[in-house]
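Structure file protein_39.txt (compact mmCIF, C-alpha atoms) is printed below.
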# COMPACT_ATOMS: atom_id res chain seq x y z
CA LYS A 1 -14.36 18.66 17.82
CA LYS A 2 -14.11 22.43 17.54
CA LEU A 3 -11.54 22.11 14.76
CA TYR A 4 -13.91 19.82 12.87
CA GLU A 5 -16.82 22.23 13.34
CA LEU A 6 -14.71 25.11 12.01
CA ASP A 7 -13.50 23.01 9.05
CA VAL A 8 -9.86 23.68 9.95
CA ASN A 9 -7.09 21.72 8.24
CA VAL A 10 -4.27 20.78 10.61
CA ILE A 11 -0.58 20.21 9.90
CA ILE A 12 1.31 18.09 12.44
CA SER A 13 5.10 18.08 12.36
CA LEU A 14 6.70 14.76 13.33
CA ASP A 15 9.92 14.84 11.26
CA ALA A 16 10.28 11.07 11.48
CA ALA A 17 8.67 7.72 10.80
CA SER A 18 10.16 5.95 13.82
CA LYS A 19 10.53 6.66 17.51
CA GLU A 20 14.32 6.37 17.30
CA THR A 21 14.66 9.06 14.63
CA TYR A 22 11.97 11.20 16.24
CA MET A 23 13.88 11.31 19.53
CA LYS A 24 17.02 12.42 17.70
CA MET A 25 15.08 15.20 16.02
CA ARG A 26 12.75 16.29 18.81
CA GLY A 27 13.73 14.68 22.08
CA TRP A 28 10.23 14.48 23.54
CA LYS A 29 7.50 11.88 23.70
CA TRP A 30 6.77 10.06 20.44
CA GLU A 31 3.70 8.42 21.96
CA LYS A 32 2.14 11.78 22.87
CA ALA A 33 2.60 13.04 19.33
CA LEU A 34 0.91 9.97 17.86
CA GLU A 35 -1.88 10.28 20.41
CA ALA A 36 -2.66 13.75 19.05
CA VAL A 37 -2.72 12.33 15.52
CA LYS A 38 -5.18 9.62 16.55
CA ILE A 39 -7.49 12.16 18.21
CA LEU A 40 -7.67 14.23 15.03
CA ALA A 41 -8.44 11.14 12.96
CA LYS A 42 -11.13 10.02 15.40
CA GLU A 43 -12.84 13.42 15.33
CA GLY A 44 -12.79 13.57 11.53
CA VAL A 45 -10.46 16.57 11.28
CA TYR A 46 -8.59 16.81 7.98
CA PHE A 47 -4.88 16.72 8.74
CA THR A 48 -1.50 15.97 7.25
CA ILE A 49 1.70 14.89 8.96
CA ILE A 50 4.75 16.80 7.76
CA MET A 51 8.42 15.84 7.77
CA THR A 52 11.36 18.16 7.16
CA ILE A 53 13.84 16.15 5.08
CA THR A 54 17.31 16.06 6.67
CA LYS A 55 20.30 13.73 6.81
CA LEU A 56 18.81 12.25 9.98
CA ASN A 57 15.53 11.08 8.46
CA ILE A 58 15.96 10.96 4.68
CA HIS A 59 16.16 7.16 4.82
CA GLU A 60 12.62 7.04 6.26
CA ILE A 61 10.74 8.83 3.50
CA SER A 62 8.83 5.76 2.29
CA LYS A 63 7.97 4.72 5.84
CA PHE A 64 6.88 8.28 6.61
CA ILE A 65 4.40 8.29 3.75
CA GLU A 66 3.12 4.93 4.97
CA LEU A 67 2.79 6.40 8.49
CA ASN A 68 0.40 9.00 7.08
CA ILE A 69 -1.60 6.24 5.42
CA GLU A 70 -1.70 4.17 8.61
CA HIS A 71 -3.06 7.09 10.65
CA GLU A 72 -5.59 8.15 8.00
CA ALA A 73 -4.05 11.51 7.19
CA GLY A 74 -5.55 13.26 4.17
CA HIS A 75 -2.13 13.32 2.53
CA ALA A 76 1.56 13.27 3.46
CA THR A 77 3.69 16.41 3.37
CA LEU A 78 7.46 16.67 2.92
CA ILE A 79 9.76 19.69 2.83
CA PRO A 80 13.55 19.67 2.34
CA ILE A 81 15.30 21.49 5.16
CA ILE A 82 15.75 25.25 4.89
CA PRO A 83 18.79 26.01 7.11
CA VAL A 84 17.72 29.23 8.82
CA ARG A 85 20.39 28.76 11.52
CA LYS A 86 24.03 28.02 10.74
CA GLU A 87 24.07 25.02 13.05
CA THR A 88 21.46 23.30 10.87
CA VAL A 89 23.52 23.51 7.66
CA PRO A 90 25.24 20.13 8.35
CA LEU A 91 21.78 18.52 8.40
CA MET A 92 21.26 19.30 4.72
CA PRO A 93 21.26 16.20 2.50
CA SER A 94 23.59 16.03 -0.47
CA ARG A 95 22.23 16.52 -3.99
CA ASP A 96 22.57 12.80 -4.66
CA GLU A 97 20.64 12.06 -1.47
CA MET A 98 17.98 14.55 -2.54
CA LEU A 99 17.67 12.84 -5.91
CA LYS A 100 17.20 9.48 -4.19
CA ALA A 101 14.58 11.07 -1.93
CA LEU A 102 12.60 12.32 -4.92
CA LYS A 103 12.63 8.81 -6.37
CA ASP A 104 11.39 7.36 -3.07
CA ILE A 105 8.58 9.93 -2.89
CA LYS A 106 7.35 9.18 -6.40
CA GLU A 107 7.59 5.40 -6.09
CA THR A 108 5.89 5.21 -2.69
CA ALA A 109 3.09 7.61 -3.64
CA GLU A 110 2.35 5.64 -6.80
CA GLU A 111 2.66 2.25 -5.12
CA HIS A 112 -0.01 3.20 -2.57
CA ARG A 113 -1.92 5.58 -4.86
CA TYR A 114 -1.70 8.09 -2.05
CA PRO A 115 -1.35 11.89 -2.33
CA VAL A 116 1.91 13.50 -1.27
CA SER A 117 2.60 17.22 -1.11
CA LEU A 118 6.21 18.32 -1.62
CA TRP A 119 6.99 21.86 -0.50
CA CYS A 120 9.89 24.19 -1.28
CA ALA A 121 11.44 21.96 -3.94
CA PRO A 122 10.44 23.35 -7.37
CA PHE A 123 13.32 21.45 -8.96
CA ALA A 124 11.39 18.23 -8.28
CA LYS A 125 9.27 19.02 -11.36
CA ALA A 126 12.21 17.83 -13.46
CA PHE A 127 12.15 14.39 -11.82
CA ILE A 128 8.60 13.65 -10.68
CA LYS A 129 5.70 13.25 -13.07
CA SER A 130 2.90 11.73 -11.03
CA LYS A 131 -0.75 12.52 -10.38
CA TYR A 132 -0.15 11.52 -6.76
CA VAL A 133 2.60 14.06 -6.03
CA PHE A 134 1.83 17.79 -5.76
CA ILE A 135 4.94 19.97 -6.08
CA GLY A 136 4.36 23.38 -4.55
CA SER A 137 5.65 26.64 -5.98
CA CYS A 138 8.18 28.71 -4.08
CA ILE A 139 6.38 31.99 -3.35
CA GLY A 140 2.83 33.23 -3.93
CA ALA A 141 0.92 30.03 -3.17
CA GLY A 142 -0.60 31.49 0.00
CA LEU A 143 -0.32 34.06 2.77
CA ASP A 144 2.28 33.48 5.48
CA ILE A 145 1.00 35.55 8.41
CA ASP A 146 2.90 35.92 11.68
CA PRO A 147 1.23 36.50 15.11
CA LEU A 148 1.45 40.30 14.63
CA GLY A 149 -0.43 40.16 11.35
CA ASP A 150 2.65 40.76 9.23
CA VAL A 151 2.59 39.00 5.85
CA LEU A 152 5.97 37.41 5.19
CA LEU A 153 7.65 36.80 1.87
CA CYS A 154 8.45 33.31 3.18
CA ASP A 155 7.75 31.78 6.57
CA THR A 156 11.47 31.06 7.01
CA LEU A 157 12.64 34.60 6.17
CA ASP A 158 12.10 37.78 8.18
CA GLU A 159 11.04 39.87 5.20
CA ARG A 160 7.67 41.59 5.61
CA ILE A 161 5.53 42.49 2.60
CA ALA A 162 2.33 43.74 4.21
CA ASN A 163 0.21 43.66 7.36
CA ILE A 164 -3.34 42.33 7.36
CA TRP A 165 -4.48 44.80 10.06
CA ARG A 166 -3.06 47.79 8.21
CA ASP A 167 -3.61 46.72 4.59
CA GLY A 168 -6.49 44.27 4.81
CA ILE A 169 -6.44 40.73 3.40
CA GLU A 170 -7.21 41.75 -0.19
CA ASN A 171 -4.47 44.40 -0.41
CA ALA A 172 -1.99 42.16 1.43
CA TRP A 173 -2.63 39.39 -1.11
CA ARG A 174 -2.21 41.87 -3.97
CA LYS A 175 1.16 42.97 -2.57
CA VAL A 176 2.29 39.34 -2.42
CA LEU A 177 1.27 38.72 -6.03
CA GLU A 178 2.99 41.93 -7.16
CA HIS A 179 6.28 41.09 -5.43
CA PRO A 180 9.18 40.86 -7.93
CA LEU A 181 9.82 37.21 -7.02
CA ASN A 182 6.33 36.38 -8.30
CA ASN A 183 7.20 37.75 -11.73
CA THR A 184 8.37 34.60 -13.52
CA GLN A 185 9.92 36.39 -16.49
CA LYS A 186 11.86 38.85 -14.33
CA THR A 187 12.95 36.12 -11.90
CA VAL A 188 14.23 33.88 -14.71
CA GLU A 189 16.07 36.74 -16.44
CA GLU A 190 17.97 37.52 -13.23
CA LEU A 191 19.02 33.94 -12.44
CA GLN A 192 22.72 33.30 -12.00
CA PRO A 193 24.58 30.34 -13.58
CA PRO A 194 24.05 27.42 -13.68
CA CYS A 195 20.32 28.13 -13.36
CA SER A 196 20.38 30.74 -16.13
CA GLN A 197 21.35 27.99 -18.62
CA CYS A 198 19.04 25.31 -17.20
CA PRO A 199 16.28 23.95 -19.50
CA TYR A 200 13.92 23.78 -16.50
CA LYS A 201 14.39 27.40 -15.41
CA TYR A 202 10.85 28.49 -16.30
CA LYS A 203 9.35 25.64 -14.28
CA CYS A 204 11.76 25.77 -11.35
CA ARG A 205 12.74 29.49 -11.32
CA GLY A 206 15.90 28.66 -9.41
CA GLY A 207 14.36 26.45 -6.75
CA CYS A 208 13.77 27.51 -3.14
CA LYS A 209 14.63 31.21 -2.88
CA ALA A 210 15.17 30.99 0.87
CA ARG A 211 17.80 28.25 0.56
CA ALA A 212 19.46 30.13 -2.32
CA LEU A 213 19.69 33.27 -0.18
CA LEU A 214 20.73 31.59 3.07
CA ILE A 215 23.41 29.32 1.56
CA ASN A 216 24.49 31.03 -1.66
CA GLY A 217 23.81 34.64 -0.69
CA SER A 218 21.25 35.70 -3.31
CA PHE A 219 17.66 35.07 -4.37
CA ASN A 220 19.07 34.70 -7.89
CA ALA A 221 21.56 31.97 -6.95
CA GLN A 222 21.05 28.22 -7.27
CA ASP A 223 19.11 26.24 -4.70
CA PRO A 224 21.92 24.21 -3.07
CA LEU A 225 19.77 21.07 -2.96
CA CYS A 226 18.95 21.07 -6.66
CA PRO A 227 20.20 17.84 -8.29
CA ILE A 228 19.70 19.10 -11.85
CA GLN A 229 22.91 21.13 -12.13
CA GLN A 230 25.64 19.33 -10.18
What does this structure look like when you write it as structure tokens?
Amino acid sequence: KKLYELDVNVIISLDAASKETYMKMRGWKWEKALEAVKILAKEGVYFTIIMTITKLNIHEISKFIELNIEHEAGHATLIPIIPVRKETVPLMPSRDEMLKALKDIKETAEEHRYPVSLWCAPFAKAFIKSKYVFIGSCIGAGLDIDPLGDVLLCDTLDERIANIWRDGIENAWRKVLEHPLNNTQKTVEELQPPCSQCPYKYKCRGGCKARALLINGSFNAQDPLCPIQQ
């Protein structure tokens, strides 16, 4: 009720559309998680259920979107895995699997006329043209603030740009917007092959910068999940 009164939007991470897959991913009570979802819906809180796309759950994308519909979420949210720890690298889907996932997202969203938000996958703009699918940009779409008030370049990377207590919200936001990775022209000019020759480089800008750095060693490298340049 308090969340509703404060007009807070809530993101709930389930990472699955079935109990079996959920237990593989999380290992704790599926029923409790769904109970929390039902409470939010009952109280009228705007929420979305989010799933990190991995090899373990990529086959459930359509069912996951339908799970959001069933539980009256405002929209469904999906994000391809960003392997911050080395042990999570094997969970990354292949590029062919990622391409199939993009097709499933588009088809399911359009079939149900239901909004889906796809994060950290700018390359999807080359494959999805749908009024029901929002494809987020990589950096600069919002402020990622940690518990200490530090503003992070990306919520998966430990790179601090500003601090809201020291700089204030307005100056912190300005520093984010002025970061070199938010300069499209500069970012595109510094892209490495094959992205530097890609016809979608001004729309995609090399994909997820965090995945490029963590897997390929540079912000200017290719996003390893991008199916455009095989």
Would you place a box with edges along x, y and z of the file around all atoms of region 184-203 of chain A listed there, add 5 Å to each of its six sides, and report the centre and edge lengths in Å to one decimal, as lines of an AutoDock Vina configuration file?
center_x = 16.5
center_y = 31.3
center_z = -15.7
size_x = 26.2
size_y = 25.1
size_z = 17.6
Exercise. Taking all atoms listed in the file into account, which of A:Lys24, A:Lys29, A:His179, A:Arg113 comes nearest Asn57 (chain A)?
Worked result: A:Lys24
For this session: Using all atoms listed in the file, pick whichever of A:Ile79, A:Leu181, A:Asp15, A:Pro115 has the shortest atom-to-atom distance to Gly136 (chain A).
Result: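 Selected residue with least distance to Gly136 (chain A): A:Ile79.
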Give as a compact mmCIF listing (two decimals) with C-alpha atoms, in the frame of the given file the set of residues within 12 Å of the point (13.9, 10.1, 15.5), where distances use the file's coordinates and all atoms listed in the file.
# COMPACT_ATOMS: atom_id res chain seq x y z
CA LEU A 14 6.70 14.76 13.33
CA ASP A 15 9.92 14.84 11.26
CA ALA A 16 10.28 11.07 11.48
CA ALA A 17 8.67 7.72 10.80
CA SER A 18 10.16 5.95 13.82
CA LYS A 19 10.53 6.66 17.51
CA GLU A 20 14.32 6.37 17.30
CA THR A 21 14.66 9.06 14.63
CA TYR A 22 11.97 11.20 16.24
CA MET A 23 13.88 11.31 19.53
CA LYS A 24 17.02 12.42 17.70
CA MET A 25 15.08 15.20 16.02
CA ARG A 26 12.75 16.29 18.81
CA GLY A 27 13.73 14.68 22.08
CA TRP A 28 10.23 14.48 23.54
CA LYS A 29 7.50 11.88 23.70
CA TRP A 30 6.77 10.06 20.44
CA MET A 51 8.42 15.84 7.77
CA THR A 52 11.36 18.16 7.16
CA THR A 54 17.31 16.06 6.67
CA LYS A 55 20.30 13.73 6.81
CA LEU A 56 18.81 12.25 9.98
CA ASN A 57 15.53 11.08 8.46
CA ILE A 58 15.96 10.96 4.68
CA HIS A 59 16.16 7.16 4.82
CA GLU A 60 12.62 7.04 6.26
CA PHE A 64 6.88 8.28 6.61
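Counting only C-alpha atoms and comparing A:Arg205, A:Lys129, A:Lys63, A:Lys175, the residue that lies closest to Leu152 (chain A) is A:Lys175.
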Exercise. For the atom pair CA of Glu111 (chain A) and CA of Ile65 (chain A), what is the interatomic distance in Å to one decimal place?
Worked result: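 About the pair CA of Glu111 (chain A) and CA of Ile65 (chain A): they are 10.9 Å apart.
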Problem set entry | Closest of A:Ile61, A:Val8, A:Leu118, A:Ala76 to Gly44 (chain A) - atom-to-atom distances counting all atoms listed in the file |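 With all atoms listed in the file as the atom set, the closest residue is A:Val8.
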For this session: Please provide as a ChimeraX atom specification all residues within 9 Å of Asp96 (chain A), with the sequence filter that same-chain residues fewer than 3 positions apart are discarded (counting only C-alpha atoms).
Result: /A:93,99-101,225,227
Exercise. Between CA of Phe219 (chain A) and CA of Ala124 (chain A), what is the spacing in Å?
Worked result: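 Atom-to-atom, CA of Ala124 (chain A) to CA of Phe219 (chain A), that is 18.4 Å.
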Exercise. Expressed in Å to a single decimal, how great is the separation between CA of His75 (chain A) and CA of Ser117 (chain A)?
Worked result: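 CA of Ser117 (chain A) lies 7.1 Å from CA of His75 (chain A).
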For this session: For each of A:Thr77, A:Ser130, A:Gln192, A:Thr88, take the minimum atom-to-atom distance to Lys103 (chain A), counting all atoms listed in the file, then give the residue where this is smallest.
Result: A:Ser130
For this session: Counting all atoms listed in the file, note down every residue that has an atom within 9 Å of the point (18.3, 37.0, -10.6) (file coordinates), as an MDAnalysis selection string.
Result: chainID A and resid 186:192 196 206 218:221
Would you write out those residues with C-alpha atoms, as a PDB file, in the coordinates of the input?
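Final output, part24.pdb:
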ATOM      1  CA  LYS A 186      11.860  38.850 -14.330  1.00  0.00           C
ATOM      2  CA  THR A 187      12.950  36.120 -11.900  1.00  0.00           C
ATOM      3  CA  VAL A 188      14.230  33.880 -14.710  1.00  0.00           C
ATOM      4  CA  GLU A 189      16.070  36.740 -16.440  1.00  0.00           C
ATOM      5  CA  GLU A 190      17.970  37.520 -13.230  1.00  0.00           C
ATOM      6  CA  LEU A 191      19.020  33.940 -12.440  1.00  0.00           C
ATOM      7  CA  GLN A 192      22.720  33.300 -12.000  1.00  0.00           C
ATOM      8  CA  SER A 196      20.380  30.740 -16.130  1.00  0.00           C
ATOM      9  CA  GLY A 206      15.900  28.660  -9.410  1.00  0.00           C
ATOM     10  CA  SER A 218      21.250  35.700  -3.310  1.00  0.00           C
ATOM     11  CA  PHE A 219      17.660  35.070  -4.370  1.00  0.00           C
ATOM     12  CA  ASN A 220      19.070  34.700  -7.890  1.00  0.00           C
ATOM     13  CA  ALA A 221      21.560  31.970  -6.950  1.00  0.00           C
TER      14      ALA A 221
END
For this session: Would you please work out which residue, of A:Phe134, A:Tyr4, A:Phe123, A:Trp165, is nearest to Cys204 (chain A) when using only C-alpha atoms?
Result: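 Checking each candidate against Cys204 (chain A), we get A:Phe123 as the closest.
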